[in-house]
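Here is the structure we will look at, set down as structure tokens.
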Amino acid sequence: MQKNYDHNGSEDAIYAKWEKTDVMTADVSSNKKPYTIPLPPPNVTGQLHLGHAAMLAVEDILIRYKKMTGHETLWLPGTDHAAIATENVVLKHLGLKTREEMDREDFLSECRKFAGEKHDRITHQIKKMGAHLDWSREAYTFDSERNFAVNWVFKKLYEDGLIVRGHRMINWSVGAQSVLADDEVEWDDNIADFYEFWCGPFLIGTVRTETKCADSPVVVHPTAEYVRAINATGKECIVTKKYYDAHTELRKDFNIQEVVPGEALVGQEFTAETYAGPRKFWVIADEIIDPAFGTGAMTISASHSPDDFELAQRRDLPLIQKIDFAGTMTDIAGPCAGMPVQEARKRAGELLEEKGLLFEKRPHPNRVPKCYRSGTIVEPMLSPQWFISVEKEFIDEFTGKKTTLKKQMQEAVRENHIKIIPQRFEKVYFQWIDNLRDWCISRQIWWGHRIPVWYDKNENIHLPVEKNILFARHGESEANAKKILGGDYPLTDNGLQDARKIAENIRKKGIKKIICSNLKRGHQTAEIVAAELNVPVEVWPELAEFTSSELAGKANLHREGPFEIQFDKTEDEDLIDISRRAQNVIERLKKEDDVLVIGHKNFTAALFHFSRSEDEEKFVRFRSEWKWEKGEIRALTVLADPVGEGLQQDKDTLDTWFSSALWPFSTLGWPDKTPDFEKFYPTDVLETGHDIIFFWVARMIMFGRYATGKYPFHTVYLHGLVCDENGQKMSKSKGNGIDPLEIIEEVGADAVRLSLVIGATPGNPIPLGKAKVSGYRNFVNKMWNAGRFVQMQLEDVDSEFDVEKILKNPTSLSEKWLLHRFSEVSTSVSQKLEKYEISSAGDEIYHFVWDEFCSWFLETQKIDRNPKFLYSVFLEILKLAHPLVPFITENLWSELNPKNSFLIEQNFPDLKFKDTESKRIFTLMQEIVTEIRKVRAEKKLNPKDKISVKISAGKNADSLDKTVEVMKVLANLSDVEITEKASKPERSAMVLINGMEIFVEVPFDATAEKKRLEAEIASLEKSISGLKGRLTNKSYIDKAPEHLVNQTKQQLTDAETKLDTLQKELTSL
RNA sequence: GGGCGAUUAGCUCAGCUGGCUAGAGCGUCUCGCUUACACCGAGGAUGUCACAGGUUCGAGUCCUGUAUCGCCCACCA
């Protein structure tokens, strides 16, 4: 073993070792209690940042801890297709301005290629952190399994009336040419020009001059006071009284004719000049107006402002489109038609001035909505979109009760189905839900799940059709009976019986046709069933069993379980061939209605698998778990595209978060009742950054409850955002970002994990700097060296001994003390981890290992050797620390433990050992040693010089006597004399511990000693007066708990005796 | 504008339901290359717990207000 630990050399090798076995694969058939965490899928576009690293660290600790405490854990990895983000990056990559410059399919294949490359980098980075993920179940939000779940849930929502299409005010990203969800909009502070201009007699205030060009109402407040004023030329002016009073310029020219409430103005109609020519206006009153703002009157742009739109809907006002989706003005804008919005705004302002309509122009702070991805302006626009209604009632299929999605989301937390850590985020959650509006789920981009809706010529809506294709297995063939593989053999007598049984089972299902392969056993079975049911038989050769020339004719007599197909043998079909054949068959079957397929075992398995997934690798496991008894009818549910003349699928795709929202269950095979889903759903913990609690967490809760009837997890753990050591957010622009891979390279993944976990409280920023990281690297190195020490001690020890037995029989005082402490610490760590107090648990392990095990126990072992015990207890420490620092512990485990096993397969320490007396004595010894060291440092003694000590130990004399040898070494003493009552040697310093007097022989310095004593006396007196004050307070004696009062009394007497001794000491100087 | 949170040692932060003589890491100072480790060991110093009130026998911890700083939500013609 090297002196310094080389993380770079070992971490990758260890992860590779884990990957080579199936140690990270969850066993669905296990009897253990499941514990599941769905990994929040990182965007496939990006790369790992420290936020991901923090997430991985926390989840890995939970998973490893749970696995070591007897759970069947599943930590399911995957990636997210990040629709808008990916499209933007790919567009940039290809040098395109808009996706329309390219064919849709070609563009998608570019996206796929790009996502594939990034995916590999992301998974590499994840593995670098040591994440104990089940890669065999890896998923992707945009693969065909997830697509099936997406379509399924969409259909269900649609049928429950929860998905609606409507013209709504949406956030239109001109740059991305797509709608954005409310929370995808970013706001920039800005100083805009605020115009006050004449609209007939009204002064109107606006920033958006370009929209003030069409017939619309002037809105006033119904109860606010308005003045009607007239100037010398007879020009009329209507503004709020407040505004009039505030404007000297108005008062100079205009004289009040009357003061009326806004309501009185309603109904006035007039034609007024606008920048685009004369237009018709009329007056309405509405409380939407803030009479204190601007002139107290506005015109509305119902098509381009959410508030105005809401008003227009309410008051049935016309909707006039003034801006198109390219972000330019429509014809209605007259002189500004065709101009981009920004330009038109400026030009309209100029026109107002030219026409003498402008009253005042002044700077006005406002905020501009921007696209979070493309950075371009977001225009509120009216557009037909798909929405999920969160407030519409529907009947919950699981309870039969009426509810709404919003209510289900609220109940999740209110009724404690889901706990959010830290708790204060529950308030944030509720605040968001309470104000939740319908969720716009359609996006005008290509990279995403296509909306599963088709339109016919009359704009009628068609959804995919659910079909249940029935399957029965052919009857027993001669090959089956003889357990021979391959070949084409007819049915046996049993097989004929089987066929009749199928006919009986299927009789009432309304089958219209039977489809089978051209193999004898299939065809024969089909004919028998067909004859019974009186339906035709159709032969599809592509339904045949896998070709298996390699195995054909070979006996399967002595094989256990399903035989292994050699998919890579060229003369056979390989996995890709099978996948292709299966998918073609499925597409063909989707066009059939009410059919029974007489199938072959393996190929039918392929049909079931590939109807959901395109993953060939996963089929190998699927097939090995596939069971299908003779006579058993199986139904395969598929969604078939609707049929009809001229049907066109919606061109839009779904918001990325739609598929992400299904993550906890779509990854487990839902909507099928797969073994994974049955075993691992609902999952346990959802751990993520608090920045996506709304985007993602809330929506998972919504869909989970709605689609599966169960909330998808019971705990939400929100880690903080990683920031630098000054509490600044890490960002590229600030240049304070740390690349996880670089830092791992520098200090190792274990140290990075510790840095991200210790000192981090959920929901609060996680500060991370070089100093912190290198501190934890030192800790890892410390563990390494402790391991080296253990190994060195082991050299002259015979290798065979019973670790468990040794741990049950500690011999020396220090061993008993350590075991006692270890038992305390491991219990406490368990408790903390159960409560998600990960930081505190980590801290406790850190200090136990360093301060107690290394600094004290290892030192005692140098004097009082017991290598077998040392070794045994060290292995336990490795187990304890493993969830936190998996690499170093695994490394040491394999160095020290000859048995070929992984640490993760061991049980988490559950050692119960109690010996309070040993603990007391050892602690006493520690205090004595520390005090002696203190005296030594104070007196500036050379650490090498041995000194002599006498201890007046009273009742502890006998027990302490056992520690003499250890004490001598640790405090570097020439000799120690422990008696019940020792007399003070001439030249010595005295310290008091628990009433015991420790005399340390030192070169005597009266003035220094006096100073020291005086200082100590002063501080003692202070604390005595405090204690006395408390005890003379009657209410304290009466009201404080008894043990506290007693404790205070004890402290007082202790302090007083100590004071007494010190004063005697002082006078004797 | 609404909400949430923070304010504790030079720095970054712990401190759960009130009992603290207020802790940790880093930094700093003194001494030491003692054969696991200098990525180390031993020891020291440093705090009106933002401010002002209140509740209480007792407040860093609970309540009210003020100030400063973060974050989130809503978006105002």
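Within each chain, counting starts at residue 1; across the structure tokens, chains are named A, B, ... in the order shown, with ligands numbered 1 upward in that order.
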
>> Near chain B, meaning an atom within 8 Å, which residues of chain A appear when counting only C-alpha atoms (C1' of nucleotides)? Write them as number ranges by chain.
In response: A: 3-4, 205-207, 294, 298-299, 424, 428, 432, 725-726, 759, 767, 771-772, 774-775, 777-779, 781-782, 785-790, 933-934, 937, 940, 942-943, 1023, 1030, 1033-1040, 1044

Preceding selection exported with C-alpha atoms as an mmCIF file, in the first residue's frame:
```cif
data_model
loop_
_atom_site.group_PDB
_atom_site.id
_atom_site.type_symbol
_atom_site.label_atom_id
_atom_site.label_comp_id
_atom_site.auth_asym_id
_atom_site.auth_seq_id
_atom_site.Cartn_x
_atom_site.Cartn_y
_atom_site.Cartn_z
ATOM 1 C CA LYS A 3 1.859 6.101 1.692
ATOM 2 C CA ASN A 4 -0.516 8.526 0.045
ATOM 3 C CA GLY A 205 -50.802 55.986 -20.589
ATOM 4 C CA THR A 206 -48.842 53.143 -22.159
ATOM 5 C CA VAL A 207 -45.450 51.647 -22.766
ATOM 6 C CA GLY A 294 -50.847 56.994 -14.850
ATOM 7 C CA MET A 298 -56.243 52.884 -20.615
ATOM 8 C CA THR A 299 -57.181 51.236 -23.842
ATOM 9 C CA ARG A 424 -40.783 25.297 4.969
ATOM 10 C CA VAL A 428 -43.971 27.424 -1.060
ATOM 11 C CA TRP A 432 -47.802 27.772 -5.979
ATOM 12 C CA GLU A 725 -17.366 29.742 -0.658
ATOM 13 C CA ASN A 726 -18.662 33.323 -0.638
ATOM 14 C CA GLY A 759 -22.216 21.308 6.235
ATOM 15 C CA PRO A 767 -20.982 26.468 -0.106
ATOM 16 C CA ALA A 771 -10.279 24.725 1.072
ATOM 17 C CA LYS A 772 -13.308 22.683 2.037
ATOM 18 C CA SER A 774 -9.040 19.630 0.246
ATOM 19 C CA GLY A 775 -9.978 19.288 3.913
ATOM 20 C CA ARG A 777 -9.375 14.920 0.764
ATOM 21 C CA ASN A 778 -7.204 14.934 3.862
ATOM 22 C CA PHE A 779 -9.829 12.919 5.650
ATOM 23 C CA ASN A 781 -6.111 10.143 3.139
ATOM 24 C CA LYS A 782 -6.397 9.760 6.887
ATOM 25 C CA ASN A 785 -3.379 5.594 6.415
ATOM 26 C CA ALA A 786 -5.413 4.185 9.240
ATOM 27 C CA GLY A 787 -5.965 1.229 6.939
ATOM 28 C CA ARG A 788 -2.269 0.971 6.289
ATOM 29 C CA PHE A 789 -1.610 0.931 9.993
ATOM 30 C CA VAL A 790 -4.139 -1.828 10.483
ATOM 31 C CA ARG A 933 -0.278 18.370 27.472
ATOM 32 C CA LYS A 934 -1.742 21.781 28.128
ATOM 33 C CA ALA A 937 2.578 23.662 26.251
ATOM 34 C CA LYS A 940 6.969 25.670 26.976
ATOM 35 C CA ASN A 942 10.218 20.436 25.019
ATOM 36 C CA PRO A 943 7.749 17.771 23.885
ATOM 37 C CA SER A 1023 -19.294 31.222 37.195
ATOM 38 C CA ARG A 1030 -29.628 30.942 39.891
ATOM 39 C CA ASN A 1033 -33.776 32.676 42.707
ATOM 40 C CA LYS A 1034 -36.885 31.136 44.221
ATOM 41 C CA SER A 1035 -38.731 30.779 40.961
ATOM 42 C CA TYR A 1036 -35.839 28.863 39.489
ATOM 43 C CA ILE A 1037 -35.923 26.365 42.334
ATOM 44 C CA ASP A 1038 -39.689 26.085 42.027
ATOM 45 C CA LYS A 1039 -40.133 25.977 38.306
ATOM 46 C CA ALA A 1040 -37.056 24.452 36.750
ATOM 47 C CA LEU A 1044 -31.451 20.714 36.515
#
```

> Lys984 (chain A): which residues within 9 Å, counting only C-alpha atoms (C1' of nucleotides), same-chain residues fewer than 3 positions away excluded, as a PyMOL selection string?
Replying inline: chain A and resi 950+987-990+997-999

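Using only C-alpha atoms (C1' of nucleotides), the contacts of U56 (chain B) at a cut-off of 10 Å, with sequence neighbours closer than 3 positions omitted, comprise G18, A59 and C62 of chain B.
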
>> Would you compute the distance between CA of Ala348 (chain A) and CA of Cys199 (chain A)? Give it in Å to one decimal.
In response: 13.7 Å

> Would you give me, as a ChimeraX atom specification, the residues in region 29-104 of chain A that DSSP reads as helix (DSSP H, G or I)?
Replying inline: /A:50-68,83-94,99-101,104
